[in-house]
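As stored in run_34.cif (mmCIF, C-alpha atoms):
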data_model
loop_
_atom_site.label_atom_id
_atom_site.label_comp_id
_atom_site.auth_asym_id
_atom_site.auth_seq_id
_atom_site.Cartn_x
_atom_site.Cartn_y
_atom_site.Cartn_z
CA MET A 1 23.48 125.37 91.22
CA THR A 2 24.96 128.57 92.68
CA PRO A 3 28.78 128.51 92.83
CA LEU A 4 30.36 127.76 96.21
CA THR A 5 32.92 130.12 97.74
CA ILE A 6 35.12 129.26 100.73
CA THR A 7 37.01 132.17 102.33
CA ILE A 8 39.65 131.37 104.97
CA THR A 9 38.99 133.68 107.91
CA TYR A 10 41.46 132.19 110.43
CA ASP A 11 44.41 129.86 109.98
CA ASN A 12 47.92 129.02 111.17
CA TYR A 13 49.30 130.46 107.97
CA GLY A 14 49.02 133.90 106.45
CA SER A 15 50.81 136.30 104.13
CA VAL A 16 48.19 138.92 103.27
CA PRO A 17 49.13 142.29 104.85
CA GLY A 18 46.69 143.30 107.58
CA LEU A 19 45.16 139.87 108.12
CA LYS A 20 45.91 138.14 111.43
CA TYR A 21 46.76 134.49 111.86
CA GLY A 22 47.40 132.03 114.68
CA TRP A 23 46.93 128.38 115.61
CA GLY A 24 43.39 127.40 114.66
CA PHE A 25 40.98 127.33 111.76
CA SER A 26 37.86 129.11 110.49
CA CYS A 27 36.30 129.70 107.10
CA MET A 28 33.20 131.32 105.63
CA VAL A 29 31.26 129.08 103.26
CA ARG A 30 28.90 130.88 100.87
CA GLY A 31 26.52 129.55 98.24
CA GLY A 32 22.88 129.49 97.17
CA PHE A 33 21.99 128.17 100.65
CA GLY A 34 23.33 131.33 102.36
CA GLN A 35 26.43 131.74 104.53
CA VAL A 36 27.89 129.35 107.11
CA LEU A 37 30.79 130.21 109.40
CA PHE A 38 32.72 126.97 109.88
CA ASP A 39 34.66 127.05 113.18
CA THR A 40 35.87 130.29 114.74
CA GLY A 41 39.61 129.93 115.34
CA SER A 42 41.28 130.61 118.66
CA ASP A 43 40.97 134.39 118.92
CA GLY A 44 37.71 136.28 118.44
CA THR A 45 39.31 139.69 117.96
CA SER A 46 41.51 138.44 115.13
CA LEU A 47 38.60 136.56 113.56
CA VAL A 48 36.34 139.62 113.59
CA ASP A 49 39.10 141.90 112.26
CA ASN A 50 39.84 139.44 109.46
CA MET A 51 36.17 139.18 108.55
CA ALA A 52 35.91 142.96 108.33
CA MET A 53 38.97 143.19 106.06
CA LEU A 54 37.53 140.43 103.87
CA ASP A 55 34.19 142.30 103.63
CA ILE A 56 32.29 139.58 105.49
CA HIS A 57 29.45 140.96 107.58
CA HIS A 58 28.35 139.38 110.87
CA GLY A 59 24.67 139.94 110.32
CA GLU A 60 24.62 138.06 107.01
CA VAL A 61 25.78 134.76 108.54
CA ASP A 62 22.94 132.23 108.51
CA ALA A 63 24.54 129.54 110.69
CA VAL A 64 27.69 128.61 112.59
CA PHE A 65 29.09 125.08 112.33
CA LEU A 66 31.53 124.08 115.10
CA SER A 67 33.40 120.90 114.22
CA HIS A 68 34.63 119.93 117.70
CA ASP A 69 35.13 121.33 121.18
CA HIS A 70 38.79 122.36 121.08
CA TRP A 71 39.92 125.89 121.92
CA ASP A 72 41.52 126.51 118.53
CA HIS A 73 38.17 125.98 116.81
CA VAL A 74 35.66 127.47 119.25
CA ASP A 75 37.34 130.23 121.29
CA GLY A 76 36.62 132.85 118.63
CA ILE A 77 32.85 132.41 118.95
CA GLY A 78 32.51 135.13 121.62
CA GLY A 79 34.08 137.78 119.41
CA PHE A 80 31.86 136.80 116.51
CA LEU A 81 28.65 136.82 118.57
CA ALA A 82 29.47 140.21 120.11
CA GLY A 83 29.20 141.84 116.69
CA ARG A 84 25.88 140.50 115.43
CA ALA A 85 22.24 140.16 116.31
CA ARG A 86 21.16 137.32 118.58
CA GLY A 87 19.54 134.12 117.41
CA VAL A 88 22.04 132.51 115.01
CA PRO A 89 21.85 128.69 114.87
CA VAL A 90 25.09 127.04 116.09
CA HIS A 91 25.57 123.42 115.02
CA VAL A 92 27.51 121.21 117.44
CA THR A 93 27.58 117.57 118.58
CA PRO A 94 26.54 116.02 121.93
CA SER A 95 30.19 115.76 123.00
CA PHE A 96 30.52 119.55 123.35
CA SER A 97 30.79 120.67 126.95
CA ASP A 98 27.72 121.78 128.87
CA GLY A 99 29.59 124.98 129.67
CA LEU A 100 30.00 125.94 126.02
CA ARG A 101 26.43 125.04 125.11
CA ASP A 102 25.11 127.03 128.10
CA ARG A 103 27.25 130.01 127.07
CA LEU A 104 25.89 129.87 123.52
CA ARG A 105 22.31 129.77 124.77
CA ARG A 106 22.96 132.74 127.08
CA ASP A 107 24.18 134.62 124.02
CA GLY A 108 20.86 133.93 122.34
CA CYS A 109 22.04 131.16 120.01
CA ASN A 110 19.85 128.31 118.87
CA VAL A 111 22.09 125.33 119.71
CA VAL A 112 21.50 122.43 117.29
CA GLU A 113 23.08 119.08 118.19
CA HIS A 114 24.00 116.44 115.60
CA GLY A 115 24.47 112.93 116.93
CA PRO A 116 25.92 109.95 115.02
CA ALA A 117 23.07 109.80 112.50
CA SER A 118 23.98 110.83 108.95
CA GLU A 119 22.02 112.89 106.41
CA VAL A 120 21.46 115.75 108.87
CA GLU A 121 20.77 118.87 106.78
CA VAL A 122 22.09 122.17 108.15
CA LEU A 123 20.86 124.31 105.25
CA PRO A 124 19.62 123.24 101.79
CA GLY A 125 22.43 121.19 100.26
CA VAL A 126 24.63 121.50 103.39
CA PHE A 127 24.97 118.45 105.65
CA SER A 128 26.69 117.28 108.82
CA THR A 129 28.44 113.92 108.66
CA GLY A 130 26.99 113.30 112.10
CA GLU A 131 29.21 112.92 115.16
CA MET A 132 32.10 110.52 114.52
CA GLU A 133 34.34 108.66 116.95
CA GLY A 134 37.66 110.29 117.82
CA THR A 135 39.46 112.16 120.58
CA PRO A 136 37.54 114.35 120.70
CA ARG A 137 34.48 113.33 118.72
CA GLU A 138 33.91 115.51 115.71
CA HIS A 139 31.59 116.17 112.80
CA SER A 140 32.45 117.59 109.40
CA MET A 141 30.45 119.55 106.82
CA ILE A 142 29.44 118.39 103.35
CA VAL A 143 28.31 120.90 100.72
CA MET A 144 26.81 119.57 97.50
CA THR A 145 28.00 121.19 94.27
CA ASP A 146 27.61 120.42 90.56
CA ASP A 147 31.05 118.77 90.68
CA GLY A 148 30.21 116.59 93.68
CA PRO A 149 30.50 116.92 97.46
CA VAL A 150 32.89 119.43 99.00
CA VAL A 151 33.99 118.33 102.49
CA ILE A 152 35.20 120.81 105.14
CA VAL A 153 36.87 119.39 108.23
CA GLY A 154 38.22 120.98 111.40
CA CYS A 155 40.93 118.53 112.58
CA CYS A 156 39.82 115.09 111.34
CA HIS A 157 40.27 113.45 114.74
CA GLN A 158 38.12 110.62 113.38
CA GLY A 159 40.88 109.81 110.86
CA LEU A 160 40.90 110.53 107.14
CA ARG A 161 39.85 107.04 106.08
CA SER A 162 36.85 106.99 108.42
CA LEU A 163 35.78 110.46 107.29
CA LEU A 164 36.05 109.68 103.59
CA GLN A 165 34.20 106.39 104.00
CA ARG A 166 31.38 108.16 105.87
CA VAL A 167 31.04 110.70 103.06
CA ARG A 168 31.11 107.94 100.46
CA ASP A 169 28.37 106.06 102.33
CA MET A 170 26.26 109.22 102.48
CA ARG A 171 26.72 110.59 98.96
CA ASP A 172 28.03 107.67 96.83
CA ASP A 173 30.18 110.05 94.79
CA ASP A 174 33.80 111.11 94.50
CA ILE A 175 34.72 114.08 96.68
CA ALA A 176 35.32 117.20 94.59
CA LEU A 177 37.37 118.97 97.27
CA LEU A 178 38.62 118.21 100.81
CA VAL A 179 39.42 121.33 102.87
CA GLY A 180 40.79 121.88 106.38
CA GLY A 181 42.97 120.24 109.03
CA PHE A 182 43.90 116.59 108.42
CA HIS A 183 45.78 116.00 111.73
CA LEU A 184 48.95 114.53 110.29
CA PHE A 185 51.46 116.87 111.93
CA ARG A 186 52.75 114.21 114.35
CA ASP A 187 53.00 111.42 111.77
CA GLY A 188 56.19 110.15 110.14
CA ASP A 189 56.95 110.40 106.43
CA GLN A 190 55.74 106.91 105.52
CA GLU A 191 52.47 107.29 107.42
CA VAL A 192 51.87 110.67 105.79
CA GLU A 193 52.62 109.27 102.33
CA ASP A 194 50.27 106.34 102.95
CA ASN A 195 47.50 108.73 103.97
CA VAL A 196 48.02 110.96 100.94
CA ARG A 197 47.84 107.98 98.58
CA MET A 198 44.77 106.67 100.40
CA VAL A 199 43.02 110.04 100.00
CA MET A 200 43.73 109.98 96.27
CA ASP A 201 42.71 106.32 95.92
CA MET A 202 39.39 107.07 97.64
CA GLY A 203 38.50 109.52 94.91
CA VAL A 204 39.29 112.93 96.38
CA ARG A 205 39.92 115.08 93.30
CA LYS A 206 41.29 118.26 94.94
CA VAL A 207 42.79 118.99 98.36
CA ALA A 208 43.31 122.14 100.44
CA PRO A 209 45.13 120.97 103.60
CA THR A 210 46.10 123.34 106.42
CA HIS A 211 46.14 123.84 110.21
CA CYS A 212 47.00 120.54 111.98
CA THR A 213 47.91 118.80 108.72
CA GLY A 214 51.47 120.00 109.32
CA ARG A 215 53.98 121.55 106.93
CA ARG A 216 55.59 118.23 105.98
CA ALA A 217 52.27 116.60 105.12
CA ILE A 218 51.12 119.71 103.24
CA ARG A 219 54.29 119.53 101.14
CA ILE A 220 53.65 115.86 100.33
CA PHE A 221 50.04 116.58 99.36
CA GLU A 222 51.33 119.28 97.02
CA GLU A 223 53.88 116.92 95.45
CA VAL A 224 51.30 114.18 94.87
CA TYR A 225 48.32 116.31 93.82
CA GLY A 226 50.16 118.89 91.73
CA ASP A 227 47.69 121.28 90.09
CA ALA A 228 44.86 119.76 92.17
CA PHE A 229 46.49 121.07 95.37
CA ILE A 230 45.22 124.43 96.72
CA PRO A 231 47.60 126.46 98.95
CA MET A 232 45.91 127.74 102.09
CA GLY A 233 46.21 130.67 104.53
CA VAL A 234 44.14 133.52 105.91
CA GLY A 235 42.46 135.40 103.09
CA VAL A 236 42.55 132.56 100.55
CA VAL A 237 39.32 132.32 98.53
CA ILE A 238 38.39 128.98 96.96
CA GLU A 239 35.69 128.94 94.30
CA CYS A 240 34.01 125.67 93.41
#

Can the structure from this file be put into structure tokens for me?
Amino acid sequence: MTPLTITITYDNYGSVPGLKYGWGFSCMVRGGFGQVLFDTGSDGTSLVDNMAMLDIHHGEVDAVFLSHDHWDHVDGIGGFLAGRARGVPVHVTPSFSDGLRDRLRRDGCNVVEHGPASEVEVLPGVFSTGEMEGTPREHSMIVMTDDGPVVIVGCCHQGLRSLLQRVRDMRDDDIALLVGGFHLFRDGDQEVEDNVRMVMDMGVRKVAPTHCTGRRAIRIFEEVYGDAFIPMGVGVVIEC
């Protein structure tokens, strides 16, 4: 199986000179299936500039996967679409606003909706979890690798336990890597610690938390996971 590469194209955190960062999340996921842009951050100009500096080309993106309809994950889509040919598939869920879906169609996108059903294949070996309950509703992306499923999540509004159980039900395997925003930034220390232990107990072997996870929770994940913790930020490249 072709190695998987995840490049962080937008994030709250950043230290690489020349790369821009701000509240939000986006990453480019590349493998034998092609290239998927997961979420688009909150600022299209910054996203596009970062992609250029990271040598990621608009026209080579095979699909866009939008996790949920919040500004910090979808507002960069206009900047991305302005720099590429029309016709890219954009994967969303039924809970996305009519306004956003209409805008995508006007821009020539093929809007693909994923409801609550599981086993929805985006590209070969790349799946949506299906829309999950939360505020807002959200879907996450599963990429199959030789080491097991890699799960990429926008904000995890469905809750970490619900997400991990859905992936377990779909793939019946330990998760090789969990990447993205875990939405723990408002939680107290004990609740964060309980979630970190639960993630480990449910068989997640490596973690790369960022965005709405919050600095305190990120620190606790690092303490618990040790060498299996991956620091995040704009420009980080994860190879699986």

> Between A:Gly79, A:Val204, A:Asn195, A:Asp189, which one has atoms that come closest to Asp173 in chain A, using all atoms listed in the file?
Replying inline: A:Val204

Residues of range 67-148 of chain A at most 9 Å from range 39-52 of chain A: nearest atom pair and distance in Å, only C-alpha atoms, as a tab-separated table:
residue	atom	partner	partner_atom	distance
A:Ser67	CA	A:Asp39	CA	6.4
A:His68	CA	A:Asp39	CA	8.4
A:His70	CA	A:Ser42	CA	9.0
A:Trp71	CA	A:Ser42	CA	5.9
A:Asp72	CA	A:Ser42	CA	4.1
A:His73	CA	A:Gly41	CA	4.5
A:Val74	CA	A:Thr40	CA	5.3
A:Asp75	CA	A:Ser42	CA	4.8
A:Gly76	CA	A:Gly44	CA	3.6
A:Ile77	CA	A:Thr40	CA	5.6
A:Gly78	CA	A:Gly44	CA	6.2
A:Gly79	CA	A:Gly44	CA	4.0
A:Phe80	CA	A:Val48	CA	6.0
A:Gly83	CA	A:Val48	CA	8.1

>> Can you spell out as a PyMOL selection string the set of residues that the PyMOL selection byres ((chain A and resi 100-107) around 9) selects in the structure I just provided?
In response: chain A and resi 69+74+77-78+81-82+86-87+90+92+96-99+108-111

>> For Thr145 in chain A, find every residue with an atom within 10 Å (counting all atoms listed in the file), except residues of its own chain fewer than 3 positions away, and show them as a PyMOL selection string.
In response: chain A and resi 1-4+31+125-126+142+148-150+176+240

Would you mind exporting C-alpha atoms of the selected residues as a compact mmCIF listing (two decimals), in the coordinates of the input?
# COMPACT_ATOMS: atom_id res chain seq x y z
CA MET A 1 23.48 125.37 91.22
CA THR A 2 24.96 128.57 92.68
CA PRO A 3 28.78 128.51 92.83
CA LEU A 4 30.36 127.76 96.21
CA GLY A 31 26.52 129.55 98.24
CA GLY A 125 22.43 121.19 100.26
CA VAL A 126 24.63 121.50 103.39
CA ILE A 142 29.44 118.39 103.35
CA GLY A 148 30.21 116.59 93.68
CA PRO A 149 30.50 116.92 97.46
CA VAL A 150 32.89 119.43 99.00
CA ALA A 176 35.32 117.20 94.59
CA CYS A 240 34.01 125.67 93.41

Can you turn the PyMOL selection byres ((chain A and resi 183-186) around 6) into a concrete residue list for this file, as a PDB file with C-alpha atoms, in the frame of the given file?
ATOM      1  CA  CYS A 155      40.930 118.530 112.580  1.00  0.00           C
ATOM      2  CA  GLY A 181      42.970 120.240 109.030  1.00  0.00           C
ATOM      3  CA  PHE A 182      43.900 116.590 108.420  1.00  0.00           C
ATOM      4  CA  ASP A 187      53.000 111.420 111.770  1.00  0.00           C
ATOM      5  CA  CYS A 212      47.000 120.540 111.980  1.00  0.00           C
ATOM      6  CA  THR A 213      47.910 118.800 108.720  1.00  0.00           C
ATOM      7  CA  GLY A 214      51.470 120.000 109.320  1.00  0.00           C
TER       8      GLY A 214
END

> Nearest to Val122 in chain A among A:Gly154, A:Pro94, A:Gly34, A:Gly159, with distances taken over all atoms listed in the file: which residue is it?
Replying inline: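 Among the listed residues, A:Gly34 lies closest to Val122 in chain A.
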
>> Assuming the chain letters and numbering stay as they are in my file, what does the PyMOL selection byres ((chain A and resi 27) around 10) actually select? List them as a ChimeraX atom specification.
In response: /A:5-11,25-26,28-30,36-41,47,51,152,154,179-180,234-237
